[in-house]
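Engineer: Structure file work.cif (mmCIF, C-alpha atoms) is given on the next line.
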data_upload
#
loop_
_atom_site.label_atom_id
_atom_site.label_comp_id
_atom_site.auth_asym_id
_atom_site.auth_seq_id
_atom_site.Cartn_x
_atom_site.Cartn_y
_atom_site.Cartn_z
CA MET Z 1 -11.59 45.69 -102.76
CA ASP Z 2 -13.88 44.57 -105.56
CA ALA Z 3 -14.71 47.56 -107.77
CA ASN Z 4 -18.34 46.35 -108.08
CA VAL Z 5 -19.04 46.44 -104.33
CA THR Z 6 -20.11 49.73 -102.78
CA GLY Z 7 -20.81 50.44 -99.16
CA ASN Z 8 -21.21 53.22 -96.67
CA ARG Z 9 -21.28 53.72 -92.96
CA LYS Z 10 -23.68 55.89 -91.04
CA ALA Z 11 -23.91 56.70 -87.39
CA GLU Z 12 -27.32 57.51 -86.04
CA ILE Z 13 -27.46 59.65 -82.94
CA ILE Z 14 -30.51 59.85 -80.74
CA MET Z 15 -30.38 62.53 -78.14
CA ARG Z 16 -32.66 62.61 -75.11
CA LEU Z 17 -32.53 65.63 -72.91
CA SER Z 18 -34.08 65.84 -69.49
CA GLU Z 19 -33.51 67.81 -66.34
CA PHE Z 20 -30.96 66.34 -63.91
CA GLU Z 21 -32.71 65.44 -60.70
CA MET Z 22 -31.20 67.06 -57.69
CA PRO Z 23 -30.27 64.83 -56.03
CA PRO Z 24 -30.84 61.91 -58.40
CA MET Z 25 -32.37 59.75 -55.68
CA GLN Z 26 -35.68 61.38 -54.83
CA ASP Z 27 -36.95 60.77 -51.29
CA VAL Z 28 -35.83 57.29 -50.30
CA LEU Z 29 -33.30 54.73 -51.44
CA ILE Z 30 -33.86 51.12 -50.43
CA VAL Z 31 -30.41 49.53 -50.45
CA GLY Z 32 -30.19 45.75 -50.81
CA ARG Z 33 -27.58 43.78 -48.89
CA GLN Z 34 -25.69 42.90 -52.07
CA ALA Z 35 -26.40 46.12 -53.93
CA PRO Z 36 -23.48 47.54 -55.92
CA ILE Z 37 -23.64 50.79 -53.97
CA GLY Z 38 -23.71 50.52 -50.20
CA PRO Z 39 -25.57 52.84 -47.85
CA GLU Z 40 -22.47 54.81 -46.92
CA ALA Z 41 -21.56 55.44 -50.55
CA ALA Z 42 -25.15 56.51 -51.24
CA ARG Z 43 -25.18 58.84 -48.24
CA ARG Z 44 -21.88 60.41 -49.27
CA MET Z 45 -23.14 60.90 -52.80
CA ALA Z 46 -26.29 62.56 -51.48
CA ASP Z 47 -24.28 64.63 -49.02
CA ILE Z 48 -22.07 66.04 -51.75
CA LEU Z 49 -25.02 66.95 -53.93
CA SER Z 50 -27.44 67.95 -51.17
CA PRO Z 51 -25.53 68.39 -47.93
CA GLU Z 52 -27.14 67.19 -44.70
CA GLN Z 53 -30.47 66.38 -46.29
CA TYR Z 54 -30.36 62.59 -46.02
CA ASP Z 55 -30.10 60.10 -43.18
CA VAL Z 56 -28.93 56.49 -43.36
CA VAL Z 57 -31.04 54.05 -41.35
CA LYS Z 58 -29.32 50.67 -41.06
CA LEU Z 59 -31.76 47.77 -40.77
CA ASP Z 60 -31.81 44.29 -39.33
CA HIS Z 61 -33.57 42.86 -42.39
CA ALA Z 62 -32.89 39.75 -44.47
CA LYS Z 63 -32.73 41.52 -47.84
CA ILE Z 64 -32.49 45.24 -47.13
CA GLU Z 65 -29.33 46.65 -45.62
CA ALA Z 66 -30.39 50.24 -45.13
CA LEU Z 67 -32.68 53.06 -46.12
CA VAL Z 68 -31.36 56.44 -47.18
CA ILE Z 69 -34.17 58.83 -46.35
CA ARG Z 70 -34.67 62.53 -46.93
CA LYS Z 71 -34.60 63.98 -43.41
CA SER Z 72 -37.41 66.46 -44.02
CA LEU Z 73 -39.90 63.59 -44.29
CA PHE Z 74 -39.51 63.03 -40.57
CA ASN Z 75 -41.16 66.43 -40.01
CA PHE Z 76 -44.38 64.95 -41.34
CA VAL Z 77 -44.28 61.38 -40.06
CA PRO Z 78 -42.38 59.93 -37.09
CA LYS Z 79 -39.24 58.02 -38.14
CA ASP Z 80 -40.39 54.57 -36.93
CA LYS Z 81 -43.76 54.81 -38.64
CA LEU Z 82 -42.20 55.99 -41.89
CA ILE Z 83 -39.67 53.14 -41.89
CA THR Z 84 -42.39 50.57 -41.21
CA LEU Z 85 -44.43 52.00 -44.05
CA ILE Z 86 -41.52 51.97 -46.51
CA LEU Z 87 -40.55 48.42 -45.59
CA GLU Z 88 -44.11 47.22 -45.85
CA GLU Z 89 -44.37 48.26 -49.48
CA GLY Z 90 -40.74 48.49 -50.57
CA GLY Z 91 -39.88 45.14 -49.03
CA LYS Z 92 -42.21 43.44 -51.49
CA ILE Z 93 -40.22 44.54 -54.53
CA ALA Z 94 -36.75 45.04 -53.12
CA ASN Z 95 -34.21 42.28 -53.33
CA GLU Z 96 -30.65 41.80 -52.12
CA SER Z 97 -28.90 43.09 -55.21
CA LEU Z 98 -31.16 46.05 -56.00
CA ILE Z 99 -31.24 49.67 -55.06
CA VAL Z 100 -34.80 50.90 -55.31
CA LYS Z 101 -35.61 54.57 -55.28
CA ALA Z 102 -38.93 55.66 -53.87
CA GLN Z 103 -40.81 58.88 -54.13
CA LEU Z 104 -43.10 59.74 -51.28
CA SER Z 105 -45.75 62.32 -51.70
CA LEU Z 106 -46.87 63.44 -48.30
CA VAL Z 107 -49.87 65.63 -47.84
CA LEU Z 108 -50.76 66.74 -44.39
CA GLN Z 109 -54.46 67.24 -44.02
CA VAL Z 110 -55.63 69.45 -41.20
CA SER Z 111 -59.19 70.14 -40.43
CA LYS Z 112 -60.21 72.37 -37.59
CA SER Z 113 -63.50 73.67 -36.50
CA VAL Z 114 -63.85 76.98 -34.79
CA GLU Z 115 -66.78 78.08 -32.76
CA VAL Z 116 -68.51 81.08 -34.21
CA MET R 1 5.64 30.74 -20.96
CA ILE R 2 2.78 33.25 -20.86
CA THR R 3 1.68 33.89 -24.42
CA HIS R 4 0.51 37.39 -25.22
CA VAL R 5 -1.12 38.65 -28.39
CA SER R 6 2.16 40.31 -29.38
CA ASP R 7 3.60 36.79 -29.76
CA ILE R 8 1.01 35.71 -32.31
CA MET R 9 -0.06 38.92 -34.06
CA ILE R 10 0.58 39.58 -37.73
CA LYS R 11 2.38 42.86 -38.22
CA ILE R 12 0.49 45.55 -40.11
CA LYS R 13 1.75 45.47 -43.68
CA ALA R 14 -0.88 47.60 -45.37
CA VAL R 15 -3.99 49.65 -44.71
CA VAL R 16 -6.85 50.79 -46.95
CA ASN R 17 -8.86 53.95 -47.19
CA ALA R 18 -12.59 54.00 -46.41
CA VAL R 19 -13.44 55.08 -49.96
CA ASP R 20 -11.09 52.69 -51.72
CA SER R 21 -12.75 50.10 -53.92
CA LEU R 22 -13.11 46.53 -52.73
CA TYR R 23 -11.19 45.52 -55.83
CA LYS R 24 -8.22 47.53 -54.59
CA ALA R 25 -8.54 46.09 -51.08
CA GLN R 26 -8.68 42.58 -52.51
CA SER R 27 -5.55 43.24 -54.57
CA VAL R 28 -3.72 44.44 -51.46
CA MET R 29 -4.79 41.33 -49.55
CA LEU R 30 -3.59 39.03 -52.32
CA LYS R 31 -0.31 40.88 -52.76
CA GLU R 32 0.50 40.98 -49.05
CA GLU R 33 -0.99 37.53 -48.38
CA ILE R 34 -3.14 38.81 -45.54
CA ASP R 35 -6.84 38.37 -44.85
CA CYS R 36 -7.46 41.44 -42.74
CA LEU R 37 -6.90 45.15 -43.33
CA PRO R 38 -7.36 48.14 -41.03
CA VAL R 39 -9.48 50.87 -42.63
CA PHE R 40 -8.56 54.52 -42.22
CA GLU R 41 -10.31 57.74 -43.07
CA ASN R 42 -8.65 61.10 -42.56
CA GLU R 43 -5.88 59.31 -40.64
CA ARG R 44 -8.45 57.91 -38.21
CA LEU R 45 -9.05 54.20 -37.78
CA VAL R 46 -12.68 53.56 -38.71
CA GLY R 47 -12.94 49.81 -39.19
CA LEU R 48 -11.57 46.48 -40.17
CA LEU R 49 -11.99 44.74 -43.50
CA THR R 50 -11.65 40.96 -43.62
CA LEU R 51 -11.39 38.66 -46.62
CA HIS R 52 -14.78 37.31 -45.56
CA ASP R 53 -16.23 40.84 -45.86
CA VAL R 54 -14.75 41.20 -49.33
CA ILE R 55 -16.16 37.88 -50.51
CA ASN R 56 -19.51 38.61 -48.94
CA SER R 57 -20.01 42.04 -50.55
CA ASN R 58 -20.78 43.30 -54.01
CA PRO R 59 -17.35 43.95 -55.62
CA ASN R 60 -18.49 47.36 -56.82
CA ARG R 61 -18.76 48.67 -53.28
CA ILE R 62 -16.37 50.94 -51.49
CA VAL R 63 -14.52 49.62 -48.46
CA ILE R 64 -16.61 51.46 -45.87
CA ASP R 65 -19.74 49.68 -47.13
CA ALA R 66 -18.19 46.25 -46.70
CA MET R 67 -16.04 46.63 -43.60
CA ARG R 68 -17.08 46.00 -40.04
CA SER R 69 -16.91 48.82 -37.54
CA ASN R 70 -17.19 46.56 -34.47
CA PHE R 71 -13.45 46.15 -34.12
CA ALA R 72 -11.59 46.23 -30.83
CA LEU R 73 -8.17 47.55 -29.94
CA ILE R 74 -6.06 45.62 -27.48
CA ALA R 75 -2.67 46.14 -25.90
CA PRO R 76 0.24 43.94 -27.01
CA ASP R 77 0.58 42.42 -23.54
CA THR R 78 -3.01 41.13 -23.51
CA THR R 79 -3.15 37.43 -22.67
CA ILE R 80 -4.77 34.94 -25.03
CA ILE R 81 -7.67 34.21 -22.69
CA LYS R 82 -8.41 37.92 -22.29
CA ALA R 83 -8.18 38.44 -26.06
CA VAL R 84 -10.66 35.61 -26.67
CA ASN R 85 -13.09 37.24 -24.22
CA ILE R 86 -12.75 40.60 -25.98
CA LEU R 87 -13.20 38.98 -29.39
CA GLU R 88 -16.36 37.19 -28.30
CA ASP R 89 -17.78 40.22 -26.48
CA ASN R 90 -17.38 42.27 -29.66
CA ASN R 91 -18.46 39.46 -31.97
CA ALA R 92 -15.38 40.41 -33.98
CA LYS R 93 -13.45 38.51 -36.65
CA ALA R 94 -10.13 40.00 -35.61
CA LEU R 95 -8.53 42.24 -33.01
CA LEU R 96 -6.23 45.14 -33.68
CA VAL R 97 -3.15 45.36 -31.50
CA ALA R 98 -2.00 48.87 -30.63
CA ASP R 99 0.15 50.69 -28.12
CA GLY R 100 0.42 54.39 -27.34
CA LYS R 101 2.32 55.02 -30.55
CA GLY R 102 -0.06 53.38 -33.00
CA LEU R 103 -1.19 50.17 -34.62
CA LEU R 104 1.19 47.25 -34.30
CA GLY R 105 -0.62 44.25 -35.69
CA ILE R 106 -3.72 42.15 -36.18
CA VAL R 107 -4.81 38.97 -34.46
CA THR R 108 -7.38 37.06 -36.46
CA LYS R 109 -10.07 34.87 -34.92
CA ASN R 110 -8.59 31.69 -36.40
CA CYS R 111 -5.11 32.48 -35.18
CA LEU R 112 -6.43 33.31 -31.71
CA TYR R 113 -8.49 30.13 -31.42
CA ILE R 114 -5.56 27.99 -32.54
CA GLU R 115 -3.54 29.49 -29.70
CA TYR R 116 -6.46 29.14 -27.30
CA SER R 117 -6.84 25.45 -28.16
CA LYS R 118 -3.28 24.91 -26.96
CA LEU R 119 -4.47 25.84 -23.48
CA ILE R 120 -6.83 22.88 -23.32
CA ASP R 121 -5.78 19.44 -22.10
CA THR R 122 -7.03 16.86 -24.58
CA LEU R 123 -7.35 14.06 -22.01
CA THR R 124 -9.54 15.77 -19.42
CA GLY R 125 -10.90 18.72 -21.38
CA LEU R 126 -9.68 20.97 -18.60
CA TYR R 127 -7.34 23.91 -19.13
CA ARG R 128 -3.59 23.35 -18.94
CA SER R 129 -0.84 25.01 -16.90
CA GLN R 130 -0.33 27.82 -19.45
CA TYR R 131 -3.91 28.83 -18.79
CA VAL R 132 -3.18 29.04 -15.06
CA PHE R 133 -0.36 31.50 -15.74
CA GLN R 134 -2.57 33.63 -17.97
CA VAL R 135 -5.41 33.78 -15.45
CA CYS R 136 -2.91 34.64 -12.70
CA GLU R 137 -1.58 37.50 -14.80
CA GLU R 138 -5.08 38.83 -15.41
CA PHE R 139 -5.82 38.65 -11.66
CA ILE R 140 -2.66 40.62 -10.92
CA LYS R 141 -3.43 43.19 -13.63
CA ASP R 142 -6.90 43.67 -12.12
CA ASN R 143 -5.34 43.99 -8.65
CA ARG R 144 -7.36 41.04 -7.35
CA THR R 145 -6.34 38.71 -4.56
CA LEU R 146 -4.73 35.65 -6.09
CA SER R 147 -5.57 32.41 -4.33
CA ILE R 148 -4.24 29.12 -5.63
CA ILE R 149 -5.42 25.68 -4.52
CA PHE R 150 -2.99 23.02 -5.71
CA ILE R 151 -4.46 19.51 -5.60
CA ASP R 152 -2.13 16.55 -5.84
CA LEU R 153 -3.41 12.95 -5.93
CA ASN R 154 -1.91 10.61 -3.34
CA LYS R 155 0.01 7.63 -4.66
CA PHE R 156 -1.37 7.97 -8.16
CA GLY R 157 1.83 6.42 -9.54
CA GLU R 158 0.74 3.14 -7.93
CA ILE R 159 -2.47 3.11 -9.95
CA ASP R 160 -0.40 3.46 -13.13
CA LYS R 161 1.91 0.69 -11.97
CA ILE R 162 -0.85 -1.71 -10.90
CA TYR R 163 -3.45 -1.08 -13.59
CA GLY R 164 -1.36 0.48 -16.40
CA HIS R 165 -1.19 4.00 -17.80
CA VAL R 166 -4.24 3.59 -20.04
CA PHE R 167 -6.33 2.85 -16.98
CA GLY R 168 -4.60 5.72 -15.15
CA ASP R 169 -5.67 8.05 -17.96
CA LEU R 170 -9.28 6.87 -17.62
CA VAL R 171 -9.17 7.69 -13.92
CA LEU R 172 -7.75 11.14 -14.65
CA LYS R 173 -10.49 11.78 -17.21
CA GLU R 174 -13.12 10.71 -14.72
CA LEU R 175 -11.53 12.90 -12.09
CA GLY R 176 -11.55 15.84 -14.51
CA ASP R 177 -15.30 15.43 -15.00
CA LEU R 178 -15.79 15.09 -11.25
CA LEU R 179 -13.88 18.32 -10.60
CA LYS R 180 -15.77 20.18 -13.34
CA GLY R 181 -19.02 19.29 -11.66
CA ASN R 182 -17.81 20.31 -8.22
CA THR R 183 -16.00 23.57 -8.89
CA PRO R 184 -17.87 26.56 -7.45
CA ASP R 185 -18.62 29.69 -9.50
CA GLY R 186 -15.75 32.14 -9.59
CA VAL R 187 -13.12 29.41 -9.48
CA TYR R 188 -10.91 28.65 -12.49
CA LEU R 189 -10.11 24.96 -12.75
CA SER R 190 -7.21 23.41 -14.66
CA ARG R 191 -5.06 20.30 -14.89
CA TYR R 192 -1.62 21.57 -14.05
CA GLY R 193 0.35 18.44 -14.80
CA GLY R 194 0.06 14.64 -14.60
CA ASP R 195 -2.10 14.13 -11.51
CA GLU R 196 -2.05 17.74 -10.31
CA PHE R 197 -4.92 20.16 -10.54
CA VAL R 198 -5.07 23.88 -9.81
CA LEU R 199 -8.01 26.01 -8.80
CA LEU R 200 -7.65 29.79 -8.99
CA SER R 201 -9.90 32.35 -7.39
CA ASP R 202 -9.87 35.66 -5.56
CA PHE R 203 -11.42 34.09 -2.47
CA SER R 204 -10.02 34.40 1.04
CA ILE R 205 -7.74 31.70 2.35
CA ASP R 206 -10.50 30.43 4.68
CA LYS R 207 -12.94 30.14 1.80
CA CYS R 208 -10.27 28.31 -0.21
CA LYS R 209 -9.76 25.86 2.66
CA GLU R 210 -13.51 25.13 2.62
CA ILE R 211 -13.49 24.59 -1.14
CA ALA R 212 -10.40 22.37 -0.97
CA ALA R 213 -11.89 20.30 1.89
CA GLN R 214 -15.11 19.81 -0.07
CA ILE R 215 -13.24 18.76 -3.22
CA LEU R 216 -10.96 16.35 -1.34
CA ARG R 217 -14.03 14.85 0.30
CA THR R 218 -15.75 14.46 -3.07
CA ILE R 219 -12.66 12.75 -4.55
CA SER R 220 -12.23 10.36 -1.65
CA MET R 221 -15.94 9.41 -1.65
CA HIS R 222 -16.11 8.80 -5.39
CA ASN R 223 -15.90 5.28 -6.79
CA PHE R 224 -13.66 5.49 -9.84
CA CYS R 225 -13.69 2.84 -12.53
CA ASN R 226 -12.97 -0.67 -11.20
CA GLY R 227 -14.13 0.59 -7.83
CA ILE R 228 -10.83 2.31 -7.19
CA LYS R 229 -10.59 4.81 -4.36
CA ILE R 230 -8.38 7.86 -4.62
CA SER R 231 -7.38 10.49 -2.12
CA ALA R 232 -5.65 13.80 -2.62
CA SER R 233 -3.81 16.54 -0.75
CA ALA R 234 -4.06 20.26 -1.24
CA GLY R 235 -1.73 23.20 -0.83
CA ILE R 236 -3.12 26.69 -0.74
CA VAL R 237 -1.44 30.03 -1.21
CA SER R 238 -3.09 33.41 -1.28
CA ARG R 239 -1.60 36.84 -1.99
CA LYS R 240 -2.96 40.35 -2.23
CA ASN R 241 -1.53 43.46 -3.85
CA ILE R 242 1.03 41.82 -6.06
CA ASN R 243 3.18 44.47 -7.65
CA MET R 244 2.47 44.53 -11.36
CA LYS R 245 5.72 46.40 -11.89
CA ALA R 246 7.70 43.42 -10.64
CA ALA R 247 10.62 42.77 -12.96
CA ASN R 248 9.26 39.44 -14.05
CA ILE R 249 5.63 38.83 -13.31
CA GLU R 250 5.94 35.33 -14.68
CA SER R 251 8.49 34.32 -12.07
CA VAL R 252 6.28 35.81 -9.33
CA ILE R 253 3.42 33.61 -10.54
CA ALA R 254 5.72 30.59 -10.92
CA ASN R 255 6.90 31.02 -7.33
CA LEU R 256 3.36 31.25 -6.00
CA ILE R 257 2.27 28.11 -7.84
CA ASN R 258 5.38 26.39 -6.61
CA PHE R 259 4.64 27.40 -3.02
CA ALA R 260 1.19 25.88 -3.36
CA SER R 261 2.67 22.77 -4.94
CA LEU R 262 5.24 22.36 -2.20
CA ALA R 263 2.57 22.95 0.42
CA SER R 264 0.49 20.13 -1.09
CA THR R 265 3.53 17.83 -0.96
CA LYS R 266 4.11 18.75 2.66
CA ALA R 267 0.44 18.19 3.44
CA LYS R 268 0.68 14.77 1.79
CA ASN R 269 3.84 13.84 3.68
CA GLU R 270 2.39 14.98 7.01
CA LYS R 271 -1.03 13.47 6.25
CA LYS R 272 -2.67 16.83 6.90
CA LYS R 273 -4.76 16.81 3.69
CA ILE R 274 -4.64 20.61 3.39
CA LEU R 275 -1.87 23.08 4.07
CA ALA R 276 -2.40 26.78 3.54
CA ILE R 277 0.20 29.49 3.21
CA ASN R 278 -0.90 32.94 4.30
CA ASP R 279 -0.46 36.25 2.60
CA ASP R 280 3.17 36.85 3.49
CA VAL R 281 4.57 33.98 1.52
CA ALA R 282 8.24 34.52 2.26
CA ASN R 283 7.76 34.32 6.03
CA GLU R 284 5.41 31.38 5.84
CA VAL R 285 7.76 29.51 3.58
CA GLY R 286 10.40 29.74 6.30
CA LYS R 287 7.99 28.30 8.84
CA ILE R 288 7.27 25.24 6.77
CA SER R 289 10.97 24.61 6.15
CA LEU R 290 10.84 24.78 2.41
CA ALA R 291 13.62 27.29 2.14
CA ASN R 292 15.92 25.03 0.19
CA LYS R 293 13.29 24.17 -2.34
CA ILE R 294 12.23 27.77 -2.64
CA ARG R 295 15.80 28.73 -3.54
CA LEU R 296 15.44 26.56 -6.59
CA VAL R 297 12.55 28.60 -7.90
CA ASN R 298 13.70 31.93 -6.55
CA PRO R 299 17.48 32.04 -7.10
#
The structure given in the file should be rewritten as structure tokens.
Structural biologist:
Amino acid sequence: MDANVTGNRKAEIIMRLSEFEMPPMQDVLIVGRQAPIGPEAARRMADILSPEQYDVVKLDHAKIEALVIRKSLFNFVPKDKLITLILEEGGKIANESLIVKAQLSLVLQVSKSVEV
Amino acid sequence: MITHVSDIMIKIKAVVNAVDSLYKAQSVMLKEEIDCLPVFENERLVGLLTLHDVINSNPNRIVIDAMRSNFALIAPDTTIIKAVNILEDNNAKALLVADGKGLLGIVTKNCLYIEYSKLIDTLTGLYRSQYVFQVCEEFIKDNRTLSIIFIDLNKFGEIDKIYGHVFGDLVLKELGDLLKGNTPDGVYLSRYGGDEFVLLSDFSIDKCKEIAAQILRTISMHNFCNGIKISASAGIVSRKNINMKAANIESVIANLINFASLASTKAKNEKKKILAINDDVANEVGKISLANKIRLVNP
């Protein structure tokens, strides 16, 4: 090496810390037909991390193979209506090779009047 | 003569696990030179993975997310025609062959259709004699009455001699179309040999006589090419409760077809048009003096 040339090497480390989501898939996964993870793999992953909390709904849809949905959502909204709703919006951005995760914030509003 | 799926199946060389990667499954397929793999999970058969499934899926997936679970299990003695029905009913790409002890092999759709195509006569488009045997076996397995109408054209050899075999073939093709259009529902039509046709059903012998009479009438009234007129004779045999445990079911079927064939010959010779043999074939055969011929098929 030439005695006049100097050099050094540095490694820069950037650390980002955040809480691990449990499970890491929020409320709904929209699984594309050519997605790298299929619905069964996604369900098994969810089942290991959060046993019996997710359902797989296979679909007859051109781009979307299945939805993996948190079961507790069905307590708020009937299954068919929820699926229609998810497909209506999710179907616009989902494509065959993607897995899209969706977060649903459901608020049940009840108003009752009581005679006094 | 009767081809069963055990004759054409590919023996199971390898299986894959439901959570194996598609890459692994593909490697197994290439190594074993097979295009279909049974999928197991916890020692239970859960599906079937075809090369088509592998190609059609993201390679990162696990087997269970690429396989098809609409597979069907069939017994090794299933006939080709029955296997095709099962395949189509299940919209499957392959059938798994199994007996009481476990999986034996796989029959792919392509392999099955190649075998099925051998049952079709290229001249008339009708089924061939092998098909007759397979349908007969299915009838016997289902414990249905087996009625055979054997139709033999009268003096067809003369047409070949006078007009040539090419013309004879045209007449046979035309006759095939005519029979297709005049075969009632529930009757299986086939070209048994040169100028012989067989109709199978589970109908009574009287009903078969009606059908045969109608068909013979249709043939004799039809103007074939060059205005040729043809007539035919028919032999009918009908049997119930054929013992499936018979040592050789194929020879039982062969004998029945032969009885019908001989009956058609006798009808032709005696100018009766139709000759029917009742349920008790052995006795009836004696009555129509075919004992010597029967010995040939029933040594």
Engineer: Go through chain Z residue by residue and, counting only C-alpha atoms, keep those with an atom at most 9 Å from chain R; for each kept residue give the shortest atom pair and its distance in Å to one decimal, ordered by chain and increasing number, as a Markdown table.
Structural biologist:
| residue | atom | partner | partner_atom | distance |
| --- | --- | --- | --- | --- |
| Z:Arg33 | CA | R:Ser57 | CA | 7.9 |
| Z:Gln34 | CA | R:Asn58 | CA | 5.3 |
| Z:Ala35 | CA | R:Asn58 | CA | 6.3 |
| Z:Pro36 | CA | R:Asn60 | CA | 5.1 |
| Z:Ile37 | CA | R:Arg61 | CA | 5.4 |
| Z:Gly38 | CA | R:Asp65 | CA | 5.1 |
| Z:Pro39 | CA | R:Asp65 | CA | 6.7 |
| Z:Glu40 | CA | R:Asp65 | CA | 5.8 |
| Z:Ala41 | CA | R:Ile62 | CA | 6.9 |
| Z:Ser97 | CA | R:Asn58 | CA | 8.2 |
Engineer: Apply the PyMOL selection byres ((chain R and resi 203-206) around 12) to the file shown and report the selected residues as number ranges by chain.
Structural biologist: R: 139, 144-149, 184-188, 199-202, 207-213, 235-240, 274-279
Engineer: Do a neighbour search on Z:Leu108 at 12 Å with only C-alpha atoms, toss out local chain neighbours closer than 6 positions, and write the hits as a list in words.
Structural biologist: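 Counting only C-alpha atoms, the residues come to Leu73, Asn75, Phe76 and Val77 of chain Z.
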Engineer: Figure out the distance between atom CA of R:Glu115 and atom CA of R:Ala254, please, to one decimal in Å.
Structural biologist: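 According to the coordinates, atom CA of R:Ala254 and atom CA of R:Glu115 are separated by 21.0 Å.
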Engineer: Please compute the atom CA of Z:Met45-atom CA of Z:Pro24 distance, one decimal, in Å.
Structural biologist: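 Separation between atom CA of Z:Met45 and atom CA of Z:Pro24: 9.6 Å.
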Engineer: Would you mind telling me which residue in Z:Ala94, Z:Val100, Z:Val68, Z:Ala62 lies nearest to Z:Arg44 when using all atoms listed in the file?
Structural biologist: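 Going through Z:Ala94, Z:Val100, Z:Val68, Z:Ala62 one by one, the smallest distance to Z:Arg44 is for Z:Val68.
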Engineer: When you draw a straight line from atom CA of R:Glu41 to atom CA of R:Ile86, how long is it in Å?
Structural biologist: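 Answer for the atom CA of R:Glu41 to atom CA of R:Ile86 separation: 24.3 Å.
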Engineer: Compute the distance from (-34.2, 69.9, -45.7) to each atom, counting all atoms listed in the file, keep the residues with any atom at most 7 Å away, and return them as a PyMOL selection string; use the coordinates of the file.
Structural biologist: chain Z and resi 53+71-72
Engineer: Check which residues satisfy the PyMOL selection byres ((chain R and resi 130) around 9) in the file shown, then give them as a list in words.
Structural biologist: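 That selection, the PyMOL selection byres ((chain R and resi 130) around 9), comes back as Met1, Ile2, Thr3, Lys118, Leu119, Tyr127, Arg128, Ser129, Tyr131, Val132, Phe133, Gln134, Val135 and Tyr192 of chain R.
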Engineer: Would you please work out which residue, of Z:Gly91, Z:Gly32, Z:Gly7, Z:Pro51, is nearest to Z:Arg70 when using only C-alpha atoms?
Structural biologist: Z:Pro51
